[in-house]
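What follows is data.pdb (PDB, C-alpha atoms).
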ATOM      1  CA  MET A1035      -0.258 125.007 -54.362
ATOM      2  CA  ILE A1036       0.625 122.762 -51.428
ATOM      3  CA  GLU A1037       2.885 119.890 -52.422
ATOM      4  CA  GLN A1038       0.556 116.967 -52.976
ATOM      5  CA  ARG A1039       1.522 113.518 -51.788
ATOM      6  CA  ILE A1040      -1.722 111.638 -52.458
ATOM      7  CA  LYS A1041      -3.568 111.054 -55.670
ATOM      8  CA  LYS A1042      -6.226 113.365 -56.971
ATOM      9  CA  LEU A1043      -9.353 112.641 -54.941
ATOM     10  CA  ARG A1044     -12.998 112.728 -55.981
ATOM     11  CA  VAL A1045     -14.810 114.724 -53.310
ATOM     12  CA  VAL A1046     -18.501 115.256 -52.511
ATOM     13  CA  ILE A1047     -19.375 118.363 -50.490
ATOM     14  CA  ILE A1048     -22.543 118.358 -48.415
ATOM     15  CA  GLY A1049     -23.436 121.949 -47.613
ATOM     16  CA  THR A1050     -23.502 125.239 -49.515
ATOM     17  CA  GLY A1051     -22.485 127.861 -46.954
ATOM     18  CA  ASN A1052     -19.250 129.671 -46.176
ATOM     19  CA  VAL A1053     -17.255 126.609 -45.105
ATOM     20  CA  ALA A1054     -18.472 124.469 -48.020
ATOM     21  CA  THR A1055     -17.669 127.216 -50.510
ATOM     22  CA  ILE A1056     -14.166 128.065 -49.268
ATOM     23  CA  LEU A1057     -13.148 124.444 -48.719
ATOM     24  CA  GLY A1058     -14.454 123.504 -52.150
ATOM     25  CA  LYS A1059     -12.310 126.196 -53.724
ATOM     26  CA  ARG A1060      -9.322 125.150 -51.622
ATOM     27  CA  PHE A1061      -9.726 121.501 -52.656
ATOM     28  CA  LEU A1062      -9.889 122.537 -56.317
ATOM     29  CA  ALA A1063      -6.781 124.683 -55.902
ATOM     30  CA  ALA A1064      -4.990 121.578 -54.611
ATOM     31  CA  ASP A1065      -6.018 119.723 -57.798
ATOM     32  CA  HIS A1066      -8.697 117.536 -56.251
ATOM     33  CA  GLU A1067     -12.013 117.107 -58.076
ATOM     34  CA  ILE A1068     -15.370 118.144 -56.649
ATOM     35  CA  VAL A1069     -17.760 115.662 -58.236
ATOM     36  CA  GLN A1070     -20.958 116.719 -56.477
ATOM     37  CA  VAL A1071     -22.471 119.361 -54.199
ATOM     38  CA  CYS A1072     -25.473 118.558 -52.019
ATOM     39  CA  GLY A1073     -27.591 121.237 -50.367
ATOM     40  CA  ARG A1074     -31.136 121.594 -49.070
ATOM     41  CA  ASN A1075     -31.755 124.593 -51.321
ATOM     42  CA  PRO A1076     -31.458 123.434 -54.955
ATOM     43  CA  LEU A1077     -30.629 126.935 -56.182
ATOM     44  CA  HIS A1078     -27.762 127.314 -53.732
ATOM     45  CA  ALA A1079     -26.527 123.805 -54.506
ATOM     46  CA  GLU A1080     -26.571 124.498 -58.236
ATOM     47  CA  GLU A1081     -24.795 127.838 -57.780
ATOM     48  CA  LEU A1082     -21.954 126.325 -55.762
ATOM     49  CA  ALA A1083     -21.764 123.315 -58.075
ATOM     50  CA  ASP A1084     -21.310 125.660 -61.043
ATOM     51  CA  THR A1085     -18.498 127.431 -59.189
ATOM     52  CA  LEU A1086     -16.797 124.119 -58.445
ATOM     53  CA  ALA A1087     -17.490 122.469 -61.835
ATOM     54  CA  ALA A1088     -19.548 119.742 -60.169
ATOM     55  CA  SER A1089     -22.988 118.187 -60.376
ATOM     56  CA  PHE A1090     -25.544 118.907 -57.658
ATOM     57  CA  THR A1091     -28.434 117.419 -55.752
ATOM     58  CA  ALA A1092     -30.790 118.525 -53.001
ATOM     59  CA  ASP A1093     -31.294 114.979 -51.704
ATOM     60  CA  VAL A1094     -28.643 113.262 -49.579
ATOM     61  CA  LYS A1095     -30.091 109.934 -50.710
ATOM     62  CA  GLN A1096     -29.004 110.798 -54.256
ATOM     63  CA  LEU A1097     -25.306 111.203 -53.542
ATOM     64  CA  THR A1098     -22.946 109.725 -56.082
ATOM     65  CA  PRO A1099     -21.596 106.436 -54.689
ATOM     66  CA  ASP A1100     -18.143 106.532 -56.257
ATOM     67  CA  ALA A1101     -16.403 109.473 -54.519
ATOM     68  CA  ASP A1102     -13.283 109.023 -52.387
ATOM     69  CA  LEU A1103     -14.289 111.471 -49.660
ATOM     70  CA  TYR A1104     -17.599 112.929 -48.438
ATOM     71  CA  VAL A1105     -17.296 116.235 -46.573
ATOM     72  CA  VAL A1106     -20.208 117.348 -44.381
ATOM     73  CA  ALA A1107     -19.591 121.109 -44.297
ATOM     74  CA  VAL A1108     -22.618 122.460 -42.443
ATOM     75  CA  THR A1109     -23.164 124.280 -39.152
ATOM     76  CA  ASP A1110     -22.374 122.433 -35.928
ATOM     77  CA  THR A1111     -26.066 122.179 -35.085
ATOM     78  CA  ALA A1112     -26.926 120.670 -38.479
ATOM     79  CA  VAL A1113     -24.328 117.874 -38.535
ATOM     80  CA  ALA A1114     -26.371 115.338 -36.566
ATOM     81  CA  GLY A1115     -29.446 115.828 -38.748
ATOM     82  CA  ILE A1116     -27.446 115.319 -41.933
ATOM     83  CA  ALA A1117     -25.639 112.319 -40.477
ATOM     84  CA  ALA A1118     -28.921 110.656 -39.550
ATOM     85  CA  ASN A1119     -29.874 110.481 -43.215
ATOM     86  CA  LEU A1120     -26.521 109.454 -44.698
ATOM     87  CA  ARG A1121     -25.678 105.885 -45.660
ATOM     88  CA  LEU A1122     -22.376 105.736 -47.497
ATOM     89  CA  ASN A1123     -21.481 102.023 -47.725
ATOM     90  CA  ASN A1124     -18.332 102.520 -45.659
ATOM     91  CA  LYS A1125     -16.993 105.310 -47.819
ATOM     92  CA  LEU A1126     -14.887 107.836 -45.886
ATOM     93  CA  VAL A1127     -16.994 110.700 -44.503
ATOM     94  CA  VAL A1128     -15.816 113.674 -42.430
ATOM     95  CA  HIS A1129     -17.478 116.675 -40.862
ATOM     96  CA  THR A1130     -15.933 120.114 -40.437
ATOM     97  CA  ALA A1131     -17.400 121.092 -37.050
ATOM     98  CA  GLY A1132     -15.301 122.291 -34.144
ATOM     99  CA  ALA A1133     -17.632 121.353 -31.305
ATOM    100  CA  VAL A1134     -19.168 118.071 -32.544
ATOM    101  CA  SER A1135     -17.793 114.591 -31.851
ATOM    102  CA  LYS A1136     -16.612 112.536 -34.790
ATOM    103  CA  ASP A1137     -18.848 109.709 -33.553
ATOM    104  CA  VAL A1138     -21.941 111.542 -34.765
ATOM    105  CA  LEU A1139     -20.981 110.038 -38.139
ATOM    106  CA  SER A1140     -20.774 106.456 -36.877
ATOM    107  CA  ALA A1141     -24.112 105.438 -38.396
ATOM    108  CA  CYS A1142     -23.133 106.795 -41.838
ATOM    109  CA  SER A1143     -20.140 104.606 -42.452
ATOM    110  CA  ARG A1144     -17.514 102.450 -40.789
ATOM    111  CA  ASN A1145     -14.941 104.998 -41.955
ATOM    112  CA  TYR A1146     -15.339 108.519 -40.633
ATOM    113  CA  GLY A1147     -13.531 111.424 -39.037
ATOM    114  CA  VAL A1148     -13.100 115.173 -38.779
ATOM    115  CA  LEU A1149     -11.562 117.807 -41.046
ATOM    116  CA  TYR A1150     -11.904 120.966 -38.956
ATOM    117  CA  PRO A1151     -10.727 124.225 -40.560
ATOM    118  CA  LEU A1152      -9.333 126.454 -37.834
ATOM    119  CA  GLN A1153     -10.160 129.645 -39.663
ATOM    120  CA  SER A1154     -12.917 132.218 -40.029
ATOM    121  CA  LEU A1155     -14.321 131.507 -43.487
ATOM    122  CA  ARG A1156     -16.490 133.869 -45.500
ATOM    123  CA  SER A1157     -17.576 132.956 -49.016
ATOM    124  CA  GLU A1158     -17.553 136.566 -50.223
ATOM    125  CA  LEU A1159     -13.800 136.930 -49.672
ATOM    126  CA  ASN A1160     -11.855 137.215 -52.908
ATOM    127  CA  GLU A1161      -8.657 135.593 -51.637
ATOM    128  CA  LEU A1162      -8.497 132.112 -50.152
ATOM    129  CA  PRO A1163      -7.042 132.361 -46.624
ATOM    130  CA  ASP A1164      -4.458 130.037 -45.137
ATOM    131  CA  ILE A1165      -6.387 127.327 -43.334
ATOM    132  CA  PRO A1166      -4.877 125.252 -40.528
ATOM    133  CA  PHE A1167      -6.725 121.948 -40.011
ATOM    134  CA  LEU A1168      -7.349 119.783 -36.973
ATOM    135  CA  VAL A1169      -8.052 116.213 -38.075
ATOM    136  CA  ASP A1170      -9.301 113.008 -36.499
ATOM    137  CA  GLY A1171     -10.331 109.555 -37.700
ATOM    138  CA  ASN A1172     -12.219 106.555 -36.431
ATOM    139  CA  THR A1173      -9.380 104.174 -37.269
ATOM    140  CA  GLU A1174      -5.642 104.594 -37.715
ATOM    141  CA  ASP A1175      -6.037 104.126 -41.465
ATOM    142  CA  ASP A1176      -8.815 106.722 -41.648
ATOM    143  CA  LEU A1177      -6.783 109.191 -39.597
ATOM    144  CA  ALA A1178      -3.731 108.663 -41.808
ATOM    145  CA  PHE A1179      -5.787 109.209 -44.963
ATOM    146  CA  ILE A1180      -7.522 112.336 -43.637
ATOM    147  CA  THR A1181      -4.200 113.715 -42.419
ATOM    148  CA  GLU A1182      -2.597 113.189 -45.798
ATOM    149  CA  PHE A1183      -5.534 114.791 -47.575
ATOM    150  CA  ALA A1184      -5.383 117.799 -45.233
ATOM    151  CA  ASN A1185      -1.653 118.106 -45.883
ATOM    152  CA  SER A1186      -2.407 118.322 -49.594
ATOM    153  CA  VAL A1187      -4.398 121.523 -49.046
ATOM    154  CA  SER A1188      -2.718 123.134 -46.023
ATOM    155  CA  HIS A1189       0.711 123.852 -44.542
ATOM    156  CA  GLN A1190      -0.608 123.448 -40.987
ATOM    157  CA  VAL A1191      -2.244 120.159 -39.985
ATOM    158  CA  GLN A1192      -2.466 118.644 -36.517
ATOM    159  CA  GLN A1193      -4.230 115.568 -35.232
ATOM    160  CA  ALA A1194      -6.675 116.247 -32.410
ATOM    161  CA  GLY A1195      -9.364 114.201 -30.688
ATOM    162  CA  ASP A1196     -12.816 115.499 -29.802
ATOM    163  CA  GLU A1197     -11.806 117.058 -26.459
ATOM    164  CA  GLU A1198      -8.680 118.788 -27.776
ATOM    165  CA  ARG A1199     -10.585 120.081 -30.803
ATOM    166  CA  LEU A1200     -13.360 121.445 -28.582
ATOM    167  CA  LYS A1201     -10.783 123.222 -26.404
ATOM    168  CA  MET A1202      -9.193 124.751 -29.483
ATOM    169  CA  HIS A1203     -12.649 125.800 -30.646
ATOM    170  CA  VAL A1204     -13.053 127.739 -27.383
ATOM    171  CA  ALA A1205      -9.737 129.494 -28.020
ATOM    172  CA  ALA A1206     -10.764 130.228 -31.613
ATOM    173  CA  VAL A1207     -13.998 131.867 -30.451
ATOM    174  CA  MET A1208     -12.016 134.131 -28.127
ATOM    175  CA  VAL A1209      -9.385 135.248 -30.644
ATOM    176  CA  SER A1210     -11.764 135.570 -33.592
ATOM    177  CA  ASN A1211     -15.428 135.999 -32.687
ATOM    178  CA  PHE A1212     -14.869 137.972 -29.502
ATOM    179  CA  THR A1213     -12.200 140.270 -30.928
ATOM    180  CA  ASN A1214     -14.317 140.962 -34.017
ATOM    181  CA  HIS A1215     -17.222 141.847 -31.723
ATOM    182  CA  LEU A1216     -14.957 144.324 -29.965
ATOM    183  CA  TYR A1217     -14.128 145.849 -33.348
ATOM    184  CA  ALA A1218     -17.852 146.165 -34.061
ATOM    185  CA  LEU A1219     -18.464 147.826 -30.698
ATOM    186  CA  ALA A1220     -15.525 150.178 -31.198
ATOM    187  CA  LYS A1221     -16.786 151.171 -34.643
ATOM    188  CA  ALA A1222     -20.268 151.843 -33.274
ATOM    189  CA  TYR A1223     -18.682 153.972 -30.549
ATOM    190  CA  CYS A1224     -16.655 155.881 -33.139
ATOM    191  CA  LEU A1225     -19.726 156.525 -35.268
ATOM    192  CA  HIS A1226     -21.653 157.779 -32.244
ATOM    193  CA  GLU A1227     -18.801 160.061 -31.227
ATOM    194  CA  LYS A1228     -18.113 161.179 -34.829
ATOM    195  CA  LEU A1229     -14.654 159.587 -34.891
ATOM    196  CA  ASP A1230     -12.902 157.966 -37.867
ATOM    197  CA  PHE A1231     -12.702 154.225 -37.158
ATOM    198  CA  THR A1232     -10.311 153.692 -40.098
ATOM    199  CA  MET A1233      -7.615 155.501 -38.089
ATOM    200  CA  LEU A1234      -7.568 152.421 -35.842
ATOM    201  CA  LEU A1235      -6.923 149.899 -38.630
ATOM    202  CA  PRO A1236      -3.091 150.238 -38.593
ATOM    203  CA  LEU A1237      -3.190 149.681 -34.824
ATOM    204  CA  ILE A1238      -5.325 146.546 -35.220
ATOM    205  CA  THR A1239      -2.939 145.185 -37.838
ATOM    206  CA  ALA A1240       0.210 146.017 -35.860
ATOM    207  CA  VAL A1241      -1.040 144.355 -32.663
ATOM    208  CA  ALA A1242      -2.012 141.193 -34.552
ATOM    209  CA  ASP A1243       1.291 141.100 -36.463
ATOM    210  CA  ARG A1244       3.304 141.172 -33.236
ATOM    211  CA  LEU A1245       1.997 137.723 -32.371
ATOM    212  CA  ASN A1246       4.166 136.259 -35.140
ATOM    213  CA  GLU A1247       7.243 137.132 -33.069
ATOM    214  CA  TYR A1248       6.191 137.644 -29.452
ATOM    215  CA  GLU A1249       4.082 136.060 -26.733
ATOM    216  CA  PRO A1250       0.828 138.003 -26.259
ATOM    217  CA  ALA A1251       1.538 138.581 -22.572
ATOM    218  CA  ALA A1252       4.954 140.050 -23.398
ATOM    219  CA  VAL A1253       3.583 142.840 -25.576
ATOM    220  CA  GLN A1254       0.584 143.962 -23.521
ATOM    221  CA  THR A1255       0.264 147.751 -23.413
ATOM    222  CA  GLY A1256      -2.291 150.263 -22.166
ATOM    223  CA  PRO A1257      -3.366 152.042 -18.977
ATOM    224  CA  ALA A1258      -4.407 148.851 -17.140
ATOM    225  CA  ILE A1259      -0.926 147.246 -17.206
ATOM    226  CA  ARG A1260       0.603 150.631 -16.274
ATOM    227  CA  ASN A1261      -1.837 151.037 -13.362
ATOM    228  CA  ASP A1262      -2.712 154.435 -14.807
ATOM    229  CA  ASP A1263      -5.808 155.044 -12.683
ATOM    230  CA  ALA A1264      -6.202 158.654 -13.788
ATOM    231  CA  THR A1265      -6.565 157.659 -17.446
ATOM    232  CA  ILE A1266      -8.805 154.698 -16.629
ATOM    233  CA  GLN A1267     -11.201 156.922 -14.674
ATOM    234  CA  LYS A1268     -11.303 159.451 -17.530
ATOM    235  CA  HIS A1269     -12.153 156.633 -19.961
ATOM    236  CA  LEU A1270     -14.892 155.248 -17.710
ATOM    237  CA  ALA A1271     -16.398 158.723 -17.372
ATOM    238  CA  LEU A1272     -16.493 159.115 -21.137
ATOM    239  CA  LEU A1273     -18.290 155.768 -21.417
ATOM    240  CA  GLN A1274     -21.162 156.725 -19.106
ATOM    241  CA  GLN A1275     -23.441 157.009 -22.144
ATOM    242  CA  HIS A1276     -22.264 153.602 -23.400
ATOM    243  CA  PRO A1277     -23.051 151.269 -20.457
ATOM    244  CA  SER A1278     -22.360 147.990 -22.280
ATOM    245  CA  LEU A1279     -18.995 149.245 -23.519
ATOM    246  CA  LYS A1280     -18.202 150.661 -20.089
ATOM    247  CA  ALA A1281     -18.864 147.264 -18.494
ATOM    248  CA  LEU A1282     -16.548 145.550 -20.963
ATOM    249  CA  TYR A1283     -13.859 148.200 -20.443
ATOM    250  CA  ALA A1284     -14.017 147.622 -16.676
ATOM    251  CA  LEU A1285     -14.014 143.832 -17.115
ATOM    252  CA  PHE A1286     -10.953 143.822 -19.380
ATOM    253  CA  THR A1287      -9.145 146.347 -17.206
ATOM    254  CA  ASP A1288      -9.691 144.125 -14.173
ATOM    255  CA  SER A1289      -8.586 141.013 -16.080
ATOM    256  CA  ILE A1290      -5.358 142.657 -17.281
ATOM    257  CA  ARG A1291      -4.542 143.910 -13.819
ATOM    258  CA  LYS A1292      -5.053 140.467 -12.313
ATOM    259  CA  MET A1293      -2.832 138.817 -14.934
ATOM    260  CA  TYR A1294       0.047 141.221 -14.301
ATOM    261  CA  LYS A1295      -0.442 141.678 -10.567
ATOM    262  CA  GLY A1296       2.901 141.561  -8.774
TER     263      GLY A1296
END
Encoding of this model in structure tokens:
Amino acid sequence: MIEQRIKKLRVVIIGTGNVATILGKRFLAADHEIVQVCGRNPLHAEELADTLAASFTADVKQLTPDADLYVVAVTDTAVAGIAANLRLNNKLVVHTAGAVSKDVLSACSRNYGVLYPLQSLRSELNELPDIPFLVDGNTEDDLAFITEFANSVSHQVQQAGDEERLKMHVAAVMVSNFTNHLYALAKAYCLHEKLDFTMLLPLITAVADRLNEYEPAAVQTGPAIRNDDATIQKHLALLQQHPSLKALYALFTDSIRKMYKG
């Protein structure tokens, strides 16, 4: 458990998806109390509420009024719709979106901010991952409170305004969503070519682990950085039957060569 420096908080979670589920469990692990879960689907809300030992509602107008913190943990596109129906009597409310301004919550309360988990969260995972947070607040007091709360559940917390958070969201998409898509494409290629994708798992792990000690640019390997044209042409020939993968191979090869040119 992260060393806690603030009192045990009473938290309401609005949302029932991956982020709501993992954050709810993380808050509980840090000895905070989840007093209520709100979700559009009553069955999903009840299921998550049971997991978090909380009450539940499917109506945002029926939120308990006596919580310390209200966390809107829904998709980026759903935040504005939820916010339009929230009236929290100046209670502190935060959303968890990477690409949405904190000011979308301005009509909900005088006290609002952002608690953005910089992590890929899946509710079916058995272990709770480490979750860095980027936080923001409408006032200095709100920011200080949100920061302290985040520090009670995470070892890595940084303050970031809307623009900085959006830029980090771009970087997160590249290192998480895009790389995972490459894994999916590589596995599909392996299946098509009757290759064992699991043989690549130690390589995936080793390359990621290097980043704990080295700059990514310092540990780049492969035929592109070596200017090994013979191997590159052999690879491209093999990918003739996989045009989408061939295009990506050529794109990444060109990008690597440009980065290390000269």
Name all residues at most 12 Å from region 1203-1210 of chain A (count all atoms listed in the file; drop same-chain ones fewer than 3 positions away) and give them as an NGL selection string. :A and (1110 or 1130-1134 or 1150-1155 or 1166-1168 or 1194 or 1196-1200 or 1213-1217 or 1242 or 1245 or 1250)
Could you give me, as a VMD selection string, the residues within 12 Å of Glu1161 (chain A), counting only C-alpha atoms and dropping anything in the same chain fewer than 6 positions from it? chain A and resid 1056 1059 to 1060 1063 1155
Residues within 9 Å of region 1172-1177 of chain A, only C-alpha atoms, excluding chain neighbours under 3 positions, as a PyMOL selection string: chain A and resi 1126+1136-1137+1140+1144-1148+1169+1180-1182+1193
Near Asp1263 (chain A), counting only C-alpha atoms, which residues have an atom at most 12 Å away, once you skip same-chain residues fewer than 5 positions from it, shown as an MDAnalysis selection string? chainID A and resid 1256:1258 1268:1270 1284 1287:1288 1291
Please indicate the distance in Å from CA of Ala1087 (chain A) to CA of Val1069 (chain A), rounded to one decimal place. 7.7 Å
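Taking CA of Glu1249 (chain A) and CA of Asn1185 (chain A) as endpoints, the distance between them is 26.9 Å.
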Please report the interatomic distance between CA of Asn1246 (chain A) and CA of Gln1192 (chain A) in Å with one decimal.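 These atoms are spaced 18.9 Å apart.
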Calculated over all atoms listed in the file, which of the candidates A:Leu1122, A:Val1127, A:Ala1220, A:Ile1068 has the smallest distance to Leu1273 (chain A)? A:Ala1220
Evaluate the PyMOL selection byres ((chain A and resi 1292-1296) around 12) on the structure here and hand back the selected residues as a count of residues only. 17
Answer key for the PyMOL selection byres ((chain A and resi 1099) around 12), residues as a PDB file with C-alpha atoms, in the coordinates of the input:
ATOM      1  CA  ARG A1044     -12.998 112.728 -55.981  1.00  0.00           C
ATOM      2  CA  VAL A1045     -14.810 114.724 -53.310  1.00  0.00           C
ATOM      3  CA  VAL A1046     -18.501 115.256 -52.511  1.00  0.00           C
ATOM      4  CA  VAL A1069     -17.760 115.662 -58.236  1.00  0.00           C
ATOM      5  CA  GLN A1070     -20.958 116.719 -56.477  1.00  0.00           C
ATOM      6  CA  VAL A1094     -28.643 113.262 -49.579  1.00  0.00           C
ATOM      7  CA  LYS A1095     -30.091 109.934 -50.710  1.00  0.00           C
ATOM      8  CA  GLN A1096     -29.004 110.798 -54.256  1.00  0.00           C
ATOM      9  CA  LEU A1097     -25.306 111.203 -53.542  1.00  0.00           C
ATOM     10  CA  THR A1098     -22.946 109.725 -56.082  1.00  0.00           C
ATOM     11  CA  ASP A1100     -18.143 106.532 -56.257  1.00  0.00           C
ATOM     12  CA  ALA A1101     -16.403 109.473 -54.519  1.00  0.00           C
ATOM     13  CA  ASP A1102     -13.283 109.023 -52.387  1.00  0.00           C
ATOM     14  CA  LEU A1103     -14.289 111.471 -49.660  1.00  0.00           C
ATOM     15  CA  TYR A1104     -17.599 112.929 -48.438  1.00  0.00           C
ATOM     16  CA  LEU A1120     -26.521 109.454 -44.698  1.00  0.00           C
ATOM     17  CA  ARG A1121     -25.678 105.885 -45.660  1.00  0.00           C
ATOM     18  CA  LEU A1122     -22.376 105.736 -47.497  1.00  0.00           C
ATOM     19  CA  ASN A1123     -21.481 102.023 -47.725  1.00  0.00           C
ATOM     20  CA  ASN A1124     -18.332 102.520 -45.659  1.00  0.00           C
ATOM     21  CA  LYS A1125     -16.993 105.310 -47.819  1.00  0.00           C
ATOM     22  CA  LEU A1126     -14.887 107.836 -45.886  1.00  0.00           C
ATOM     23  CA  VAL A1127     -16.994 110.700 -44.503  1.00  0.00           C
TER      24      VAL A1127
END
Can you give me, as number ranges by chain, the residues this file yields under the PyMOL selection byres ((chain A and resi 1055) around 12)? A: 1047-1054, 1056-1062, 1068, 1071-1073, 1078-1079, 1081-1086, 1105-1108, 1155-1160, 1162
